[in-house]
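**Q** Structure file upload.txt (compact mmCIF, C-alpha atoms and all ligand atoms) is given on the next line.
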# COMPACT_ATOMS: atom_id res chain seq x y z
CA MET A 1 20.40 -11.35 6.78
CA THR A 2 19.80 -7.69 7.53
CA ILE A 3 20.16 -4.77 5.14
CA THR A 4 20.61 -1.19 6.32
CA VAL A 5 19.54 1.65 4.03
CA PRO A 6 20.57 5.28 4.58
CA ALA A 7 17.21 7.02 4.87
CA GLU A 8 15.33 9.95 6.40
CA PRO A 9 15.02 10.50 9.32
CA PHE A 10 17.56 7.74 10.11
CA SER A 11 18.72 4.38 8.73
CA PHE A 12 16.11 1.74 7.91
CA THR A 13 17.08 -1.86 8.61
CA PHE A 14 15.21 -4.85 7.22
CA ASP A 15 15.43 -8.58 6.77
CA PRO A 16 14.24 -9.46 3.24
CA ARG A 17 12.46 -12.57 4.61
CA GLN A 18 10.28 -10.44 6.89
CA THR A 19 9.66 -7.69 4.37
CA ALA A 20 7.26 -7.11 1.49
CA LEU A 21 7.79 -4.91 -1.53
CA MET A 22 4.54 -3.04 -2.17
CA CYS A 23 3.82 -1.87 -5.73
CA ILE A 24 0.74 0.29 -5.36
CA ASP A 25 -1.67 0.87 -8.24
CA PHE A 26 0.76 0.93 -11.17
CA GLN A 27 -2.30 0.59 -13.39
CA ARG A 28 -2.92 1.88 -16.89
CA ASP A 29 -5.84 3.86 -15.43
CA PHE A 30 -3.39 6.07 -13.52
CA VAL A 31 -0.26 5.97 -15.67
CA GLU A 32 -1.48 5.89 -19.28
CA ALA A 33 -3.45 8.31 -21.43
CA GLY A 34 -7.19 7.59 -21.67
CA GLY A 35 -7.57 6.30 -18.10
CA PHE A 36 -9.14 7.43 -14.86
CA GLY A 37 -6.26 9.78 -13.94
CA GLU A 38 -6.53 11.63 -17.22
CA SER A 39 -10.34 11.79 -16.97
CA LEU A 40 -9.80 13.94 -13.88
CA GLY A 41 -7.73 16.40 -15.92
CA ASN A 42 -4.29 15.19 -14.83
CA ASP A 43 -1.07 15.04 -16.83
CA VAL A 44 -0.37 11.32 -16.43
CA SER A 45 3.12 11.55 -17.96
CA ARG A 46 4.34 12.85 -14.59
CA LEU A 47 3.92 9.38 -13.12
CA ARG A 48 6.03 7.64 -15.73
CA THR A 49 9.34 8.65 -14.09
CA THR A 50 8.64 5.95 -11.48
CA ILE A 51 8.74 3.09 -13.98
CA GLU A 52 12.48 2.60 -14.51
CA PRO A 53 13.57 2.86 -10.86
CA THR A 54 10.73 0.56 -9.81
CA GLN A 55 11.80 -1.99 -12.44
CA ARG A 56 15.28 -2.02 -10.87
CA VAL A 57 13.86 -2.43 -7.37
CA LEU A 58 11.51 -5.21 -8.50
CA ALA A 59 14.42 -7.07 -10.13
CA ALA A 60 16.50 -6.81 -6.94
CA PHE A 61 13.69 -8.07 -4.70
CA ARG A 62 12.83 -10.90 -7.10
CA GLU A 63 16.46 -11.96 -6.81
CA LEU A 64 16.26 -11.82 -2.99
CA GLY A 65 13.04 -13.86 -2.97
CA THR A 66 11.17 -11.19 -0.99
CA THR A 67 7.36 -11.17 -0.94
CA ILE A 68 6.07 -8.82 -3.66
CA ILE A 69 2.55 -7.42 -3.49
CA HIS A 70 0.92 -5.52 -6.36
CA THR A 71 -2.28 -3.63 -5.63
CA ARG A 72 -4.96 -2.47 -8.04
CA GLU A 73 -7.63 0.07 -7.22
CA GLY A 74 -10.95 -0.79 -8.82
CA HIS A 75 -14.47 -2.07 -8.54
CA ARG A 76 -16.69 -5.00 -9.35
CA PRO A 77 -18.24 -4.83 -12.84
CA ASP A 78 -21.71 -4.37 -11.29
CA LEU A 79 -20.29 -1.48 -9.18
CA THR A 80 -21.94 -2.85 -6.02
CA ASP A 81 -18.78 -1.93 -4.09
CA LEU A 82 -18.66 1.67 -5.33
CA PHE A 83 -19.92 4.30 -2.93
CA PRO A 84 -21.88 7.13 -4.56
CA ALA A 85 -19.54 9.47 -2.65
CA LYS A 86 -16.63 8.13 -4.72
CA ARG A 87 -18.52 7.84 -8.02
CA ASP A 88 -19.91 11.37 -7.93
CA ARG A 89 -16.83 13.21 -6.68
CA GLY A 90 -15.18 15.82 -8.93
CA ASN A 91 -16.05 16.85 -12.44
CA PRO A 92 -14.42 14.21 -14.63
CA THR A 93 -14.92 13.75 -18.37
CA LEU A 94 -15.85 10.13 -17.55
CA ARG A 95 -16.94 8.58 -14.27
CA ILE A 96 -15.85 5.30 -12.70
CA GLY A 97 -17.62 2.47 -14.56
CA GLU A 98 -18.08 4.43 -17.79
CA GLU A 99 -16.55 3.24 -21.05
CA GLY A 100 -13.24 4.88 -21.96
CA PRO A 101 -10.55 4.15 -24.54
CA MET A 102 -9.18 1.37 -22.28
CA GLY A 103 -12.55 -0.06 -21.27
CA ARG A 104 -14.62 0.80 -18.22
CA LEU A 105 -12.76 3.13 -15.87
CA LEU A 106 -11.45 1.49 -12.69
CA VAL A 107 -13.47 -1.68 -13.27
CA ARG A 108 -11.87 -5.06 -12.63
CA GLY A 109 -11.22 -6.93 -15.84
CA SER A 110 -10.92 -3.86 -18.04
CA ARG A 111 -7.66 -3.05 -19.82
CA GLY A 112 -7.27 0.20 -17.92
CA HIS A 113 -7.47 -1.61 -14.59
CA ASP A 114 -4.46 -3.77 -15.51
CA ILE A 115 -0.99 -3.15 -14.18
CA ILE A 116 1.24 -1.57 -16.82
CA PRO A 117 3.27 -4.17 -18.74
CA GLU A 118 6.60 -2.66 -17.62
CA LEU A 119 5.80 -3.60 -13.99
CA ALA A 120 3.56 -6.61 -14.54
CA PRO A 121 3.44 -9.21 -11.75
CA ILE A 122 5.04 -12.57 -12.35
CA GLU A 123 3.94 -15.97 -11.06
CA GLY A 124 4.04 -16.26 -7.28
CA GLU A 125 3.53 -12.55 -6.60
CA VAL A 126 0.44 -11.37 -4.76
CA VAL A 127 -2.09 -9.27 -6.70
CA LEU A 128 -4.50 -7.51 -4.39
CA ASP A 129 -7.67 -5.81 -5.61
CA LYS A 130 -8.88 -2.96 -3.43
CA PRO A 131 -11.94 -0.73 -3.63
CA GLY A 132 -10.38 2.20 -1.78
CA LYS A 133 -7.20 4.18 -1.47
CA ASP A 134 -5.89 2.44 1.66
CA SER A 135 -4.65 -1.04 0.65
CA PHE A 136 -5.88 -2.50 3.97
CA TYR A 137 -9.46 -1.28 3.53
CA GLY A 138 -11.76 -4.05 2.30
CA THR A 139 -8.86 -6.47 1.58
CA ASP A 140 -6.99 -9.34 3.22
CA LEU A 141 -3.63 -7.56 3.08
CA GLU A 142 -3.10 -7.62 6.84
CA THR A 143 -3.81 -11.37 6.96
CA ILE A 144 -1.34 -12.04 4.13
CA LEU A 145 1.40 -10.00 5.82
CA ARG A 146 0.86 -11.53 9.28
CA ALA A 147 0.69 -15.08 7.86
CA ARG A 148 4.15 -14.58 6.37
CA GLY A 149 5.61 -12.92 9.46
CA ILE A 150 6.18 -9.69 7.57
CA THR A 151 6.93 -6.64 9.71
CA ARG A 152 8.39 -4.17 7.20
CA LEU A 153 7.19 -2.75 3.91
CA ILE A 154 9.20 -1.14 1.13
CA VAL A 155 6.71 1.03 -0.69
CA THR A 156 6.52 2.10 -4.34
CA GLY A 157 3.49 3.26 -6.31
CA VAL A 158 1.17 6.00 -7.39
CA THR A 159 0.05 8.45 -6.35
CA THR A 160 2.20 9.61 -3.44
CA GLU A 161 -0.39 11.62 -1.55
CA VAL A 162 -3.39 9.42 -2.29
CA CYS A 163 -3.04 5.62 -2.33
CA VAL A 164 0.58 5.52 -1.19
CA GLN A 165 0.00 7.88 1.72
CA SER A 166 -3.28 6.21 2.77
CA THR A 167 -1.60 2.80 2.73
CA VAL A 168 1.53 3.86 4.60
CA ARG A 169 -0.49 5.57 7.33
CA ALA A 170 -2.74 2.52 7.68
CA ALA A 171 0.30 0.21 7.79
CA ASN A 172 2.00 2.38 10.41
CA ASP A 173 -1.08 2.22 12.65
CA ARG A 174 -0.97 -1.58 12.40
CA GLY A 175 2.67 -1.68 13.54
CA PHE A 176 4.36 -2.20 10.16
CA GLU A 177 7.54 -0.18 9.53
CA CYS A 178 7.51 1.43 6.08
CA LEU A 179 10.27 2.73 3.84
CA VAL A 180 8.88 4.83 0.98
CA LEU A 181 11.06 5.08 -2.13
CA SER A 182 10.93 8.68 -3.27
CA ASP A 183 11.69 8.12 -6.98
CA CYS A 184 9.43 5.05 -7.18
CA THR A 185 6.42 7.13 -6.16
CA SER A 186 4.95 10.14 -7.91
CA SER A 187 1.99 12.47 -8.03
CA TYR A 188 0.17 14.49 -10.67
CA PHE A 189 1.09 17.42 -8.38
CA PRO A 190 4.86 17.69 -7.71
CA GLU A 191 4.28 19.83 -4.62
CA PHE A 192 1.98 17.16 -3.11
CA HIS A 193 4.64 14.51 -3.78
CA GLU A 194 7.27 16.53 -1.93
CA SER A 195 4.92 17.36 0.95
CA ALA A 196 3.75 13.78 1.39
CA LEU A 197 7.35 12.53 1.51
CA ALA A 198 8.24 15.21 4.06
CA MET A 199 5.21 14.25 6.18
CA PHE A 200 6.24 10.58 6.35
CA SER A 201 9.67 11.19 7.84
CA ALA A 202 8.99 14.36 9.87
CA GLN A 203 8.92 14.30 13.67
CA GLY A 204 11.44 11.46 13.90
CA GLY A 205 9.63 9.27 11.36
CA ILE A 206 6.10 9.73 12.62
CA VAL A 207 4.73 7.73 9.70
CA GLY A 208 7.85 6.07 8.30
CA TRP A 209 11.14 6.41 6.44
CA VAL A 210 12.06 7.85 3.02
CA ALA A 211 15.01 7.00 0.75
CA ASP A 212 15.59 6.82 -2.98
CA SER A 213 16.00 3.62 -4.96
CA ALA A 214 19.76 4.18 -5.39
CA ALA A 215 20.23 4.17 -1.61
CA LEU A 216 18.24 0.94 -1.31
CA LEU A 217 19.96 -0.81 -4.21
CA GLY A 218 23.37 0.32 -2.96
CA ALA A 219 22.58 -1.24 0.42
CA ILE A 220 21.43 -4.51 -1.12
CA LYS A 221 24.63 -5.02 -3.20
C1 LIG B 1 -6.01 7.90 -6.94
C2 LIG B 1 -4.32 6.29 -6.36
N1 LIG B 1 -5.14 8.90 -7.06
N2 LIG B 1 -3.94 5.07 -6.68
N3 LIG B 1 -5.61 6.63 -6.68
O1 LIG B 1 -7.21 8.10 -7.09
O2 LIG B 1 -3.56 7.07 -5.83
Represent the structure contained in this file as structure tokens.
**A**
Amino acid sequence: MTITVPAEPFSFTFDPRQTALMCIDFQRDFVEAGGFGESLGNDVSRLRTTIEPTQRVLAAFRELGTTIIHTREGHRPDLTDLFPAKRDRGNPTLRIGEEGPMGRLLVRGSRGHDIIPELAPIEGEVVLDKPGKDSFYGTDLETILRARGITRLIVTGVTTEVCVQSTVRAANDRGFECLVLSDCTSSYFPEFHESALAMFSAQGGIVGWVADSAALLGAIK
């Protein structure tokens, strides 16, 4: 079975059995008040527009039986995997590992590190913890994808120009073809969202393809 989605810079074709849906870092720490994103001075409500379209995409891929991979950015409770360069960056109200309203920021096991309930994984879906922005860095993502014969990724998540962009570029360099869903990704900075999307599909798809969820869901029907 192949599905063809109208996309930029040209149609994206995939077989759901050789594809994974990536849901990148839909964690309370980025999407809800009191988390890491807000500690950096961001308006986290901007990211919430992604929730409903991503719920529709998740439902469609669950129906198709496609591999679904949820990632979470965060660190070990003892912070042994946290580089000082990451901990000390910026001028946040709270740093990674410090206690916030949802527990320790970006620490595995804390409430803030959890995926938001609206997009929570269900049994059988892969949950991948990662210490960096790129989902391949310090994880077994590539092994999981290759073991299942996956060649294409449909990408949702936050934020567009940070963890989504790092992951899509890393995937592209490993030979995976990526379709980024424009309304299932978002940034605290609307102009960065638009630029990152434009960068993916520019130059004949130098990094990948871009479409919205309606185009994908229309193609699946
Ligand atoms: C950030 C992410 N923005 N998931 N992480 O620090 O994009």
**Q** Counting only C-alpha atoms and all ligand atoms, give me one row per residue of chain A with an atom at most 12 Å from an atom of ligand LIG 1 (chain B), showing the shortest contact pair and its distance in Å to one decimal, sorted by chain then residue number, as CSV.
**A**
residue,atom,partner,partner_atom,distance
A:Cys23,CA,B:LIG1,N2,10.5
A:Ile24,CA,B:LIG1,N2,6.8
A:Asp25,CA,B:LIG1,N2,5.0
A:Phe26,CA,B:LIG1,N2,7.7
A:Gln27,CA,B:LIG1,N2,8.2
A:Arg28,CA,B:LIG1,N2,10.7
A:Asp29,CA,B:LIG1,N2,9.0
A:Phe30,CA,B:LIG1,N2,6.9
A:Val31,CA,B:LIG1,N2,9.8
A:Gly35,CA,B:LIG1,O1,11.2
A:Phe36,CA,B:LIG1,O1,8.0
A:Gly37,CA,B:LIG1,N1,7.0
A:Glu38,CA,B:LIG1,N1,10.6
A:Ser39,CA,B:LIG1,O1,11.0
A:Leu40,CA,B:LIG1,O1,9.3
A:Gly41,CA,B:LIG1,N1,11.9
A:Asn42,CA,B:LIG1,N1,10.0
A:Val44,CA,B:LIG1,N1,10.8
A:Leu47,CA,B:LIG1,O2,10.7
A:His70,CA,B:LIG1,N2,11.7
A:Thr71,CA,B:LIG1,N2,8.9
A:Arg72,CA,B:LIG1,N2,7.7
A:Glu73,CA,B:LIG1,N2,6.2
A:Gly74,CA,B:LIG1,N2,9.4
A:Lys86,CA,B:LIG1,O1,9.7
A:Arg87,CA,B:LIG1,O1,11.4
A:Arg89,CA,B:LIG1,O1,10.9
A:Gly90,CA,B:LIG1,O1,11.2
A:Ile96,CA,B:LIG1,O1,10.7
A:Leu105,CA,B:LIG1,O1,11.5
A:Leu106,CA,B:LIG1,O1,9.6
A:His113,CA,B:LIG1,N2,10.9
A:Ile115,CA,B:LIG1,N2,11.5
A:Asp129,CA,B:LIG1,N2,11.6
A:Lys130,CA,B:LIG1,N2,10.0
A:Pro131,CA,B:LIG1,N3,10.2
A:Gly132,CA,B:LIG1,N3,8.1
A:Lys133,CA,B:LIG1,N3,6.0
A:Asp134,CA,B:LIG1,N2,9.0
A:Ser135,CA,B:LIG1,N2,9.6
A:Thr156,CA,B:LIG1,N2,11.1
A:Gly157,CA,B:LIG1,N2,7.7
A:Val158,CA,B:LIG1,O2,5.1
A:Thr159,CA,B:LIG1,O2,3.9
A:Thr160,CA,B:LIG1,O2,6.7
A:Glu161,CA,B:LIG1,O2,7.0
A:Val162,CA,B:LIG1,O2,4.3
A:Cys163,CA,B:LIG1,O2,3.8
A:Val164,CA,B:LIG1,O2,6.4
A:Gln165,CA,B:LIG1,O2,8.4
A:Ser166,CA,B:LIG1,O2,8.6
A:Thr167,CA,B:LIG1,O2,9.8
A:Thr185,CA,B:LIG1,O2,10.0
A:Ser186,CA,B:LIG1,O2,9.3
A:Ser187,CA,B:LIG1,N1,8.0
A:Tyr188,CA,B:LIG1,N1,8.5
A:Phe189,CA,B:LIG1,N1,10.6
A:Phe192,CA,B:LIG1,N1,11.6
A:His193,CA,B:LIG1,O2,11.3
**Q** Taking 4 positions as the minimum chain separation for residues in the same chain, which residues sit within 9 Å of Pro121 in chain A when counting all atoms listed in the file? Answer as a compact mmCIF listing (two decimals) with C-alpha atoms, keeping the file's coordinate frame.
**A**
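To be explicit, this is the file written out as part.txt:
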# COMPACT_ATOMS: atom_id res chain seq x y z
CA ILE A 68 6.07 -8.82 -3.66
CA ILE A 69 2.55 -7.42 -3.49
CA HIS A 70 0.92 -5.52 -6.36
CA ILE A 115 -0.99 -3.15 -14.18
CA PRO A 117 3.27 -4.17 -18.74
CA GLU A 125 3.53 -12.55 -6.60
CA VAL A 126 0.44 -11.37 -4.76
CA VAL A 127 -2.09 -9.27 -6.70
**Q** Can you tell me how far CA of Arg56 in chain A sits from CA of Thr19 in chain A, in Å to one decimal?
**A**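 Straight-line distance from CA of Arg56 in chain A to CA of Thr19 in chain A works out to 17.2 Å.
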**Q** Please report the interatomic distance between CA of Leu153 in chain A and CA of Ala20 in chain A in Å with one decimal.
**A**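 Computing the Euclidean distance for CA of Leu153 in chain A and CA of Ala20 in chain A yields 5.0 Å.
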**Q** Take every atom of range 51-54 of chain A listed in the file, fit an axis-aligned box around them, add 8 Å per side, and give the centre and edge lengths in Å to one decimal as JSON.
**A**
{"center_x": 11.2, "center_y": 1.8, "center_z": -12.2, "size_x": 20.8, "size_y": 18.5, "size_z": 20.7}
